[in-house]
>>> print(open('work.cif').read())   # mmCIF, C-alpha atoms
data_final
#
loop_
_atom_site.label_atom_id
_atom_site.label_comp_id
_atom_site.auth_asym_id
_atom_site.auth_seq_id
_atom_site.Cartn_x
_atom_site.Cartn_y
_atom_site.Cartn_z
CA MET F 197 14.51 -30.95 13.14
CA LYS F 198 11.12 -32.21 12.06
CA GLN F 199 10.64 -32.51 8.30
CA TYR F 200 7.68 -31.29 6.25
CA LYS F 201 6.41 -31.71 2.70
CA THR F 202 5.36 -28.77 0.53
CA ILE F 203 1.69 -29.42 1.27
CA ASP F 204 2.45 -29.51 5.01
CA ILE F 205 4.12 -26.09 4.84
CA ALA F 206 1.24 -24.66 2.80
CA ARG F 207 -1.27 -25.83 5.39
CA ARG F 208 0.79 -24.66 8.38
CA ILE F 209 1.31 -21.17 6.92
CA GLY F 210 -2.11 -20.90 5.27
CA ILE F 211 -0.94 -20.39 1.69
CA HIS F 212 -1.18 -22.24 -1.64
CA VAL F 213 1.51 -24.79 -2.53
CA ASN F 214 2.39 -22.64 -5.54
CA THR F 215 3.10 -19.76 -3.16
CA VAL F 216 5.54 -21.98 -1.28
CA ARG F 217 7.38 -22.60 -4.54
CA LEU F 218 7.27 -18.90 -5.39
CA TYR F 219 8.90 -18.01 -2.07
CA GLU F 220 11.65 -20.51 -2.89
CA LYS F 221 12.07 -19.15 -6.42
CA CYS F 222 12.36 -15.57 -5.09
CA ALA F 223 14.92 -16.64 -2.45
CA LEU F 224 12.62 -15.59 0.39
CA ILE F 225 13.22 -18.88 2.21
CA PRO F 226 16.27 -21.17 2.52
CA LYS F 227 16.53 -23.55 -0.41
CA PRO F 228 15.00 -26.85 0.79
CA ASP F 229 16.76 -30.19 0.42
CA ARG F 230 15.26 -32.74 -1.93
CA LEU F 231 14.63 -36.44 -1.55
CA PRO F 232 15.81 -38.92 -4.23
CA ASN F 233 12.33 -38.73 -5.76
CA GLY F 234 12.66 -34.94 -6.13
CA TYR F 235 10.24 -33.97 -3.35
CA ARG F 236 11.19 -30.92 -1.32
CA VAL F 237 11.97 -31.33 2.37
CA PHE F 238 11.27 -28.43 4.72
CA THR F 239 12.15 -27.98 8.40
CA ASP F 240 11.05 -25.89 11.36
CA LEU F 241 13.58 -23.29 10.22
CA HIS F 242 11.60 -22.84 7.00
CA ILE F 243 8.39 -22.35 8.97
CA GLU F 244 9.97 -19.58 11.05
CA GLN F 245 11.37 -17.93 7.90
CA PHE F 246 7.92 -18.04 6.30
CA LYS F 247 6.50 -16.29 9.37
CA LEU F 248 9.23 -13.65 9.13
CA ALA F 249 8.60 -13.07 5.42
CA ARG F 250 4.84 -12.83 5.84
CA ALA F 251 5.21 -10.24 8.60
CA ALA F 252 7.78 -8.19 6.69
CA LEU F 253 5.64 -8.13 3.53
CA ARG F 254 2.52 -7.07 5.43
CA VAL F 255 3.63 -3.42 5.34
CA GLU F 256 1.45 -1.00 3.34
CA VAL F 257 4.05 1.78 3.37
CA LEU F 258 5.91 1.82 0.06
CA GLN F 259 7.72 5.17 0.05
CA ASN F 260 11.42 5.86 0.52
CA GLY F 261 12.45 2.29 -0.19
CA LEU F 262 10.83 0.73 2.89
CA ARG F 263 9.27 -2.11 0.89
CA LYS F 264 12.57 -2.80 -0.85
CA GLN F 265 14.38 -2.85 2.49
CA ALA F 266 11.85 -5.31 3.88
CA VAL F 267 12.41 -7.68 0.95
CA ASN F 268 16.17 -7.37 1.41
CA ILE F 269 15.88 -8.28 5.09
CA ILE F 270 13.89 -11.39 4.15
CA LYS F 271 16.47 -12.51 1.57
CA VAL F 272 19.45 -11.91 3.85
CA SER F 273 17.74 -13.90 6.61
CA ALA F 274 16.85 -16.68 4.14
CA ALA F 275 20.54 -16.90 3.23
CA GLY F 276 21.35 -17.51 6.89
CA ASN F 277 23.14 -14.18 7.43
CA TYR F 278 21.28 -13.45 10.65
CA GLU F 279 23.61 -10.82 12.09
CA GLU F 280 23.38 -8.77 8.89
CA ALA F 281 19.59 -9.26 8.78
CA ALA F 282 19.34 -8.05 12.38
CA ALA F 283 21.39 -4.95 11.57
CA LEU F 284 19.23 -4.22 8.51
CA THR F 285 16.10 -4.59 10.65
CA ARG F 286 17.42 -2.11 13.22
CA ARG F 287 18.10 0.42 10.45
CA TYR F 288 14.64 -0.25 9.03
CA ILE F 289 13.02 0.49 12.40
CA GLN F 290 15.07 3.69 12.71
CA GLN F 291 13.84 4.87 9.31
CA VAL F 292 10.23 4.03 10.16
CA ASP F 293 10.58 6.07 13.37
CA GLN F 294 12.00 8.99 11.34
CA GLU F 295 9.15 8.74 8.83
CA ARG F 296 6.65 8.90 11.69
CA LYS F 297 8.43 11.94 13.11
CA ASN F 298 8.38 13.64 9.69
CA ALA F 299 4.67 12.94 9.28
CA GLU F 300 3.84 14.38 12.69
CA GLU F 301 6.06 17.41 12.03
CA ALA F 302 4.26 18.09 8.76
CA ILE F 303 0.95 18.08 10.61
CA GLN F 304 2.31 20.57 13.15
CA ILE F 305 3.60 22.83 10.38
CA THR F 306 0.22 22.62 8.67
CA ARG F 307 -1.58 23.60 11.85
CA LYS F 308 0.70 26.63 12.32
CA ILE F 309 0.24 27.75 8.72
CA LEU F 310 -3.53 27.39 8.94
CA THR F 311 -3.53 29.42 12.15
CA GLY F 312 -1.46 32.10 10.44
CA LEU F 313 -3.99 32.35 7.63
CA ASP F 314 -6.72 33.51 9.97
CA GLY F 315 -7.38 37.19 9.55
CA LYS F 316 -4.23 37.81 7.52
CA GLU F 317 -4.60 40.80 5.23
CA HIS F 318 -3.57 40.48 1.60
CA THR F 319 -0.89 42.96 0.57
CA GLY F 320 -1.61 42.66 -3.14
CA ILE F 321 1.63 40.84 -3.95
CA TYR F 322 1.32 38.21 -6.65
CA PHE F 323 3.74 35.63 -8.02
CA THR F 324 4.05 34.10 -11.46
CA ARG F 325 4.18 30.30 -11.63
CA LYS F 326 7.97 30.35 -11.99
CA GLU F 327 8.33 32.81 -9.09
CA ALA F 328 6.06 30.68 -6.93
CA ALA F 329 8.02 27.53 -7.81
CA ASP F 330 11.34 29.22 -7.03
CA PHE F 331 10.01 30.65 -3.77
CA LEU F 332 8.77 27.24 -2.62
CA GLY F 333 11.78 25.33 -3.90
CA VAL F 334 9.75 23.03 -6.15
CA THR F 335 9.53 22.60 -9.90
CA ILE F 336 6.95 24.15 -12.20
CA ASP F 337 5.86 20.61 -13.12
CA THR F 338 5.22 19.91 -9.43
CA LEU F 339 2.91 22.93 -9.16
CA ARG F 340 1.17 21.87 -12.35
CA ASN F 341 0.70 18.35 -10.96
CA TRP F 342 -0.74 19.64 -7.68
CA GLU F 343 -3.17 21.85 -9.58
CA LEU F 344 -4.22 19.07 -11.95
CA ASN F 345 -4.96 16.87 -8.92
CA GLY F 346 -7.29 19.50 -7.50
CA LEU F 347 -5.18 20.58 -4.51
CA PHE F 348 -5.59 24.24 -5.40
CA THR F 349 -7.09 26.54 -8.03
CA ILE F 350 -5.19 29.54 -9.35
CA LYS F 351 -6.68 32.75 -10.72
CA ARG F 352 -5.68 33.98 -14.16
CA ARG F 353 -5.04 37.47 -15.41
CA GLU F 354 -6.81 38.78 -18.48
CA ASN F 355 -3.88 37.59 -20.59
CA GLY F 356 -4.45 34.03 -19.32
CA TYR F 357 -1.32 33.83 -17.14
CA ARG F 358 -1.65 32.31 -13.70
CA VAL F 359 -0.96 34.48 -10.67
CA TYR F 360 -0.33 33.21 -7.15
CA SER F 361 -1.46 35.27 -4.17
CA GLU F 362 0.04 35.14 -0.69
CA LYS F 363 -2.86 32.96 0.39
CA ASP F 364 -2.09 30.59 -2.47
CA ILE F 365 1.53 30.45 -1.34
CA GLN F 366 0.47 29.58 2.20
CA ARG F 367 -1.72 26.76 0.88
CA LEU F 368 1.16 25.52 -1.27
CA LYS F 369 3.42 25.50 1.80
CA ILE F 370 0.94 23.17 3.46
CA ILE F 371 0.98 20.85 0.45
CA ARG F 372 4.78 20.96 0.26
CA SER F 373 5.20 20.08 3.95
CA LEU F 374 2.80 17.17 3.75
CA ARG F 375 4.34 15.85 0.53
CA CYS F 376 7.79 16.00 2.13
CA ALA F 377 6.37 13.74 4.84
CA ASN F 378 5.18 11.34 2.08
CA TYR F 379 1.45 11.98 2.44
CA SER F 380 -0.20 11.18 -0.87
CA LEU F 381 -2.03 13.74 -3.00
CA ALA F 382 -5.30 11.97 -2.15
CA ALA F 383 -4.69 12.33 1.60
CA ILE F 384 -3.75 16.00 1.26
CA LEU F 385 -6.81 16.72 -0.86
CA ARG F 386 -9.00 14.98 1.70
CA MET F 387 -7.52 17.14 4.46
CA LEU F 388 -7.82 20.42 2.54
CA ARG F 389 -11.46 19.75 1.73
CA ALA F 390 -12.20 18.90 5.35
CA ILE F 391 -10.46 22.07 6.59
CA ASN F 392 -12.45 24.18 4.12
CA ASP F 393 -15.66 22.69 5.54
CA ASP F 394 -14.53 22.87 9.18
CA PRO F 395 -11.41 24.90 10.10
CA ALA F 396 -11.43 23.25 13.53
CA ALA F 397 -11.21 19.72 12.08
CA ASN F 398 -8.61 17.38 13.55
CA ILE F 399 -5.87 17.33 10.91
CA ARG F 400 -4.28 14.11 12.12
CA THR F 401 -7.56 12.22 12.08
CA VAL F 402 -8.74 13.54 8.72
CA ILE F 403 -5.51 12.95 6.82
CA ASP F 404 -5.15 9.42 8.18
CA THR F 405 -8.77 8.32 7.61
CA PRO F 406 -9.82 7.50 4.02
CA ASN F 407 -13.43 7.96 3.01
CA GLU F 408 -15.66 4.91 2.81
CA ASP F 409 -16.00 5.31 -0.96
CA ASP F 410 -12.25 5.59 -1.58
CA ASP F 411 -10.83 2.94 -3.88
CA ILE F 412 -8.38 0.28 -2.71
CA ILE F 413 -5.29 2.40 -3.40
CA LYS F 414 -6.61 5.29 -1.34
CA ALA F 415 -7.73 2.85 1.34
CA CYS F 416 -4.05 2.16 1.99
CA ASP F 417 -3.53 5.89 2.41
CA LYS F 418 -3.13 5.84 6.19
CA LEU F 419 0.45 6.93 6.66
CA LEU F 420 0.68 7.18 10.45
CA THR F 421 -1.33 4.01 10.97
CA SER F 422 0.69 2.12 8.34
CA LEU F 423 4.00 3.27 9.80
CA ALA F 424 2.94 2.15 13.27
CA GLU F 425 1.99 -1.25 11.85
CA ALA F 426 5.28 -1.43 9.93
CA ARG F 427 7.21 -0.86 13.13
CA LYS F 428 5.27 -3.55 14.98
CA ASN F 429 5.95 -6.03 12.17
CA ALA F 430 9.63 -5.08 12.12
CA VAL F 431 9.94 -5.76 15.85
CA TYR F 432 8.38 -9.18 15.22
CA VAL F 433 10.85 -9.78 12.38
CA ALA F 434 13.75 -8.93 14.71
CA GLY F 435 12.46 -11.53 17.15
CA GLN F 436 12.18 -14.14 14.40
CA ILE F 437 15.76 -13.49 13.30
CA GLU F 438 17.00 -13.99 16.85
CA LYS F 439 14.94 -17.16 17.18
CA MET F 440 16.28 -18.67 13.94
CA GLN F 441 19.84 -17.73 14.82
CA LYS F 442 19.51 -19.77 18.04
CA MET F 443 17.97 -22.68 16.09
CA THR F 444 21.05 -22.93 13.86
CA LYS F 445 23.60 -22.93 16.69
#
>>> encode(input="work.cif", output="structure tokens")
Amino acid sequence: MKQYKTIDIARRIGIHVNTVRLYEKCALIPKPDRLPNGYRVFTDLHIEQFKLARAALRVEVLQNGLRKQAVNIIKVSAAGNYEEAAALTRRYIQQVDQERKNAEEAIQITRKILTGLDGKEHTGIYFTRKEAADFLGVTIDTLRNWELNGLFTIKRRENGYRVYSEKDIQRLKIIRSLRCANYSLAAILRMLRAINDDPAANIRTVIDTPNEDDDIIKACDKLLTSLAEARKNAVYVAGQIEKMQKMTK
């Protein structure tokens, strides 16, 4: 195989030389051999591993251990355990597909709930916070967190206690479904505000499209888009693993 210096690798990959050393320190690439003078020697195998690592780390989706799994795939591949890395990548893709299915299902549930809210008469039944939490299968702290983040506003009785109406419960079901699908509080709030302004708004588009003035964290709040990108990167990673496995035979 052709040999490369650290500076050669940095230029080929488009990163700083210190980043090359960091990848080595974090075991994201095979440990390079060294010349008698101490200089590192890299090969084409290192270049392909760098490409794999860069693709795997490009994912914006952080929930349910996906980021951790991606790092694990990189390290297993860097250690030369290509069969195990390939198996881990297949499981990763399966989980990404399930996450996408969950996200779409949450949107469908939301649409059904919103449809059911139209014209529904209130029977006068109210829930305390504990009753609402028990009914929804969430904790009181979760309800408090959703309220503090502006996802809903609850009326209070004269004694100051919160009371939850049936309409409140329906709204909370929407929030619960979307949270189960790993939509962030910011995305849910964006959707709820849009629906209040226009009941006919496209839920999928609204929840997956941050506002122009959103900060950088919210700008990554595109679950369906990010999951699709994660899957594409994972397929590329699988191809890289197969390629490197052939290079070592």
>>> closest_residue(input="work.cif", among="F:Gln441, F:Thr335, F:Thr405, F:Ser361", to="F:Glu279", atoms="all atoms listed in the file")
F:Gln441
>>> resolve_selection(input="work.cif", expression="the PyMOL selection byres ((chain F and resi 220) around 12)", output="ChimeraX atom specification")
/F:202,213-219,221-229,236,238,242,245-246,249,270-271,274-275
>>> resolve_selection(input="work.cif", expression="the PyMOL selection byres ((chain F and resi 370) around 9)", output="ChimeraX atom specification")
/F:302-303,305-307,309-310,365-369,371-375,384
>>> atom_distance(input="work.cif", atom1="atom CA of F:Met387", atom2="atom CA of F:Ile403")
5.2 Å
>>> atom_distance(input="work.cif", atom1="atom CA of F:Val359", atom2="atom CA of F:Cys376")
24.1 Å
>>> residues_around(input="work.cif", residues="F:Tyr288", least_positions_apart="4", cutoff="9 Å", atoms="all atoms listed in the file", output="number ranges by chain")
F: 262, 265-266, 283-284, 292-293, 427, 430
>>> residues_around(input="work.cif", residues="F:Met443", least_positions_apart="6", cutoff="10 Å", atoms="all atoms listed in the file", output="MDAnalysis selection string")
chainID F and resid 197 240:241 244 437
>>> write_last_selection(input="work.cif", atoms="C-alpha atoms", output="compact mmCIF listing (two decimals), keeping the file's coordinate frame")
# COMPACT_ATOMS: atom_id res chain seq x y z
CA MET F 197 14.51 -30.95 13.14
CA ASP F 240 11.05 -25.89 11.36
CA LEU F 241 13.58 -23.29 10.22
CA GLU F 244 9.97 -19.58 11.05
CA ILE F 437 15.76 -13.49 13.30
>>> closest_residue(input="work.cif", among="F:Ile205, F:Ala383, F:Ile211, F:Leu253", to="F:Leu347", atoms="only C-alpha atoms")
F:Ala383
>>> closest_residue(input="work.cif", among="F:Gln436, F:Asn392, F:Thr421, F:Asn378", to="F:Glu295", atoms="only C-alpha atoms")
F:Asn378
>>> residues_around(input="work.cif", residues="F:Ala377", least_positions_apart="6", cutoff="9 Å", atoms="all atoms listed in the file", output="ChimeraX atom specification")
/F:295-302
>>> atom_distance(input="work.cif", atom1="atom CA of F:Ala382", atom2="atom CA of F:Ala426")
20.9 Å
>>> closest_residue(input="work.cif", among="F:Met440, F:Ile399, F:Lys264, F:Ala329", to="F:Ala252", atoms="only C-alpha atoms")
F:Lys264
>>> residues_around(input="work.cif", residues="F:Tyr200", least_positions_apart="2", cutoff="6 Å", atoms="only C-alpha atoms", output="PyMOL selection string")
chain F and resi 204+237-239
>>> residues_near_point(input="work.cif", point="(6.0, -10.6, 11.6)", cutoff="6 Å", atoms="all atoms listed in the file", output="CSV table (one decimal) with C-alpha atoms, in the coordinates of the input")
chain,number,residue,atom,x,y,z
F,248,LEU,CA,9.2,-13.6,9.1
F,251,ALA,CA,5.2,-10.2,8.6
F,252,ALA,CA,7.8,-8.2,6.7
F,429,ASN,CA,6.0,-6.0,12.2
F,432,TYR,CA,8.4,-9.2,15.2
F,433,VAL,CA,10.8,-9.8,12.4
>>> build_atoms(input="work.cif", residues="stretch 263-277 of chain F", atoms="N, CA, C and O atoms", output="CSV table (one decimal), in the coordinates of the input")
chain,number,residue,atom,x,y,z
F,263,ARG,N,9.7,-0.8,1.4
F,263,ARG,CA,9.3,-2.1,0.9
F,263,ARG,C,10.5,-2.9,0.4
F,263,ARG,O,10.7,-4.1,0.7
F,264,LYS,N,11.4,-2.2,-0.3
F,264,LYS,CA,12.6,-2.8,-0.8
F,264,LYS,C,13.5,-3.3,0.3
F,264,LYS,O,14.1,-4.3,0.2
F,265,GLN,N,13.6,-2.5,1.3
F,265,GLN,CA,14.4,-2.8,2.5
F,265,GLN,C,13.8,-4.1,3.2
F,265,GLN,O,14.6,-5.0,3.6
F,266,ALA,N,12.5,-4.2,3.3
F,266,ALA,CA,11.8,-5.3,3.9
F,266,ALA,C,12.2,-6.6,3.1
F,266,ALA,O,12.5,-7.6,3.7
F,267,VAL,N,12.1,-6.5,1.8
F,267,VAL,CA,12.4,-7.7,1.0
F,267,VAL,C,13.9,-8.1,1.1
F,267,VAL,O,14.2,-9.3,1.2
F,268,ASN,N,14.7,-7.1,1.2
F,268,ASN,CA,16.2,-7.4,1.4
F,268,ASN,C,16.4,-8.1,2.7
F,268,ASN,O,17.2,-9.0,2.8
F,269,ILE,N,15.7,-7.6,3.8
F,269,ILE,CA,15.9,-8.3,5.1
F,269,ILE,C,15.5,-9.7,5.0
F,269,ILE,O,16.2,-10.6,5.5
F,270,ILE,N,14.4,-10.0,4.3
F,270,ILE,CA,13.9,-11.4,4.2
F,270,ILE,C,14.9,-12.3,3.4
F,270,ILE,O,15.3,-13.4,3.9
F,271,LYS,N,15.5,-11.7,2.4
F,271,LYS,CA,16.5,-12.5,1.6
F,271,LYS,C,17.8,-12.8,2.3
F,271,LYS,O,18.3,-13.8,2.3
F,272,VAL,N,18.2,-11.8,3.1
F,272,VAL,CA,19.4,-11.9,3.8
F,272,VAL,C,19.2,-13.0,4.9
F,272,VAL,O,20.1,-13.8,5.2
F,273,SER,N,18.1,-12.9,5.6
F,273,SER,CA,17.7,-13.9,6.6
F,273,SER,C,17.6,-15.3,6.0
F,273,SER,O,18.1,-16.3,6.6
F,274,ALA,N,17.0,-15.4,4.8
F,274,ALA,CA,16.8,-16.7,4.1
F,274,ALA,C,18.2,-17.3,3.8
F,274,ALA,O,18.3,-18.5,3.8
F,275,ALA,N,19.2,-16.4,3.6
F,275,ALA,CA,20.5,-16.9,3.2
F,275,ALA,C,21.3,-17.3,4.5
F,275,ALA,O,22.4,-17.8,4.4
F,276,GLY,N,20.7,-17.1,5.6
F,276,GLY,CA,21.4,-17.5,6.9
F,276,GLY,C,22.3,-16.5,7.5
F,276,GLY,O,23.0,-16.7,8.5
F,277,ASN,N,22.3,-15.3,6.9
F,277,ASN,CA,23.1,-14.2,7.4
F,277,ASN,C,22.4,-13.4,8.5
F,277,ASN,O,21.9,-12.3,8.3
